[in-house]
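Have a look at final.txt; it's compact mmCIF, C-alpha atoms and all ligand atoms:
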# COMPACT_ATOMS: atom_id res chain seq x y z
CA MET A 1306 196.76 -32.80 -49.29
CA THR A 1307 196.96 -32.28 -45.56
CA CYS A 1308 193.78 -30.59 -44.37
CA GLU A 1309 194.80 -29.53 -40.90
CA ARG A 1310 197.94 -27.86 -39.69
CA GLY A 1311 197.95 -27.41 -35.96
CA THR A 1312 194.56 -26.02 -35.03
CA GLN A 1313 193.91 -24.48 -38.45
CA LYS A 1314 191.53 -26.10 -40.91
CA ALA A 1315 191.59 -25.98 -44.68
CA HIS A 1316 189.03 -24.18 -46.81
CA PHE A 1317 188.41 -24.28 -50.55
CA ILE A 1318 187.67 -20.81 -51.93
CA ILE A 1319 186.10 -20.19 -55.35
CA CYS A 1320 184.97 -17.02 -57.12
CA ARG A 1321 181.49 -17.30 -58.63
CA GLU A 1322 182.35 -14.70 -61.30
CA CYS A 1323 185.63 -15.96 -62.82
CA PHE A 1324 186.09 -19.35 -61.06
CA TRP A 1325 189.44 -18.37 -59.53
CA CYS A 1326 190.05 -20.80 -56.69
CA ALA A 1327 192.50 -21.52 -53.92
CA SER A 1328 192.97 -23.60 -50.80
CA VAL A 1329 193.80 -21.82 -47.57
CA PHE A 1330 194.98 -23.23 -44.25
CA SER A 1331 193.46 -20.66 -41.95
CA THR A 1332 190.16 -19.02 -41.16
CA PRO A 1333 188.99 -17.68 -44.50
CA SER A 1334 189.80 -14.00 -44.58
CA VAL A 1335 189.51 -13.71 -48.36
CA ASP A 1336 186.27 -11.83 -49.00
CA ARG A 1337 187.24 -10.56 -52.45
CA CYS A 1338 188.52 -12.49 -55.47
CA LEU A 1339 192.24 -11.98 -55.96
CA ALA A 1340 191.85 -12.32 -59.74
CA CYS A 1341 188.81 -10.16 -60.65
CA GLY A 1342 187.95 -8.33 -57.41
CA SER A 1343 184.41 -9.74 -57.16
CA THR A 1344 182.86 -10.14 -53.71
CA LEU A 1345 180.99 -13.29 -54.85
CA VAL A 1346 183.52 -15.60 -53.19
CA GLU A 1347 182.39 -18.91 -51.68
CA HIS A 1348 184.22 -20.65 -48.82
CA MET A 1349 183.86 -24.39 -48.27
CA PRO A 1350 185.51 -26.22 -45.39
CA ILE A 1351 187.58 -29.27 -46.24
CA PHE A 1352 187.55 -31.93 -43.57
CA SER A 1353 190.63 -33.87 -42.55
CA ASP A 1354 189.40 -37.03 -44.29
CA GLU A 1355 188.35 -35.34 -47.55
CA THR A 1356 190.03 -34.51 -50.80
CA TYR A 1357 188.76 -32.75 -53.91
CA THR A 1358 189.46 -32.36 -57.59
CA PHE A 1359 188.09 -29.78 -59.98
CA ASP A 1360 187.69 -29.60 -63.72
CA CYS A 1361 187.02 -26.44 -65.72
CA GLY A 1362 185.49 -26.92 -69.13
CA ARG A 1363 182.63 -25.94 -71.41
CA GLN A 1364 180.08 -27.19 -68.89
CA GLY A 1365 181.52 -24.96 -66.16
CA THR A 1366 183.44 -25.95 -63.09
CA ILE A 1367 182.91 -29.40 -61.62
CA LEU A 1368 184.04 -30.10 -58.06
CA ARG A 1369 184.35 -33.68 -56.85
CA PHE A 1370 184.74 -34.24 -53.13
CA SER A 1371 185.60 -37.66 -51.77
CA THR A 1372 186.71 -39.16 -48.52
CA LEU A 1373 190.09 -40.74 -47.95
CA THR A 1374 189.84 -44.42 -47.13
ZN ZN B 1 187.00 -13.71 -59.64
What's the structure tokens form of this structure?
Amino acid sequence: MTCERGTQKAHFIICRECFWCASVFSTPSVDRCLACGSTLVEHMPIFSDETYTFDCGRQGTILRFSTLT
């Protein structure tokens, strides 16, 4: 995944209510979940040398961030 396009940086967005998530390549302007409408939306910057995976299961959502080497 490319994390920067021009001067824009990537952000990982996740809803704390329904766990809807997305990656955006601009300043986060999403303040409401596009799936359930909740305002409990978290934004996390993704740096140019990072990648992430996520798993959704019985234990909840697990995010794993790592650096590219
Ligand atoms: Zn939601």
* To do: Report as a PyMOL selection string which protein, DNA and RNA residues come within 10 Å of ligand ZN 1 (chain B), using all atoms listed in the file.
  => chain A and resi 1319-1326+1337-1346
Given the selection you just returned, output its residues as a file containing C-alpha atoms, formatted as a tab-separated table (two decimals), keeping the file's coordinate frame.
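Resulting contents of part38.tsv:
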chain	number	residue	atom	x	y	z
A	1319	ILE	CA	186.10	-20.19	-55.35
A	1320	CYS	CA	184.97	-17.02	-57.12
A	1321	ARG	CA	181.49	-17.30	-58.63
A	1322	GLU	CA	182.35	-14.70	-61.30
A	1323	CYS	CA	185.63	-15.96	-62.82
A	1324	PHE	CA	186.09	-19.35	-61.06
A	1325	TRP	CA	189.44	-18.37	-59.53
A	1326	CYS	CA	190.05	-20.80	-56.69
A	1337	ARG	CA	187.24	-10.56	-52.45
A	1338	CYS	CA	188.52	-12.49	-55.47
A	1339	LEU	CA	192.24	-11.98	-55.96
A	1340	ALA	CA	191.85	-12.32	-59.74
A	1341	CYS	CA	188.81	-10.16	-60.65
A	1342	GLY	CA	187.95	-8.33	-57.41
A	1343	SER	CA	184.41	-9.74	-57.16
A	1344	THR	CA	182.86	-10.14	-53.71
A	1345	LEU	CA	180.99	-13.29	-54.85
A	1346	VAL	CA	183.52	-15.60	-53.19
* To do: Give me the residues within 9 Å of Ala1327 in chain A as a PyMOL selection string, counting all atoms listed in the file and dropping any in the same chain fewer than 5 places off.
  => chain A and resi 1316-1319
Keeping only C-alpha atoms, write the selected residues to a file as a compact mmCIF listing (two decimals), in the frame of the given file.
# COMPACT_ATOMS: atom_id res chain seq x y z
CA HIS A 1316 189.03 -24.18 -46.81
CA PHE A 1317 188.41 -24.28 -50.55
CA ILE A 1318 187.67 -20.81 -51.93
CA ILE A 1319 186.10 -20.19 -55.35
* To do: Tell me which of A:Asp1360, A:Asp1336, A:Glu1355, A:Glu1347 sits closest to Leu1373 in chain A, counting all atoms listed in the file.
  =>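 Comparing A:Asp1360, A:Asp1336, A:Glu1355, A:Glu1347 against Leu1373 in chain A, the winner is A:Glu1355.
From CA of Phe1352 in chain A back to CA of Ala1315 in chain A, the distance works out to 7.3 Å.
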Once 4 Å is added on each side, what centre and edge lengths in Å to one decimal does the axis-aligned box around all listed atoms of range 1350-1357 of chain A have, as lines of an AutoDock Vina configuration file?
center_x = 188.1
center_y = -31.6
center_z = -48.2
size_x = 13.1
size_y = 18.8
size_z = 19.4
* To do: Around the point (183.4, -36.1, -52.8), in the coordinates given by the file, pick out the residues reaching within 6 Å, counting only C-alpha atoms, and return them as a ChimeraX atom specification.
  => /A:1369-1371
* Using CA of Tyr1357 in chain A and CA of Phe1330 in chain A as the two end points, give the distance in Å to one decimal. =>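 Here the two named atoms are 14.9 Å from each other.
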* Please, what distance in Å, to one decimal, runs between CA of Ser1334 in chain A and CA of Met1349 in chain A? ->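 A separation of 12.5 Å between them.
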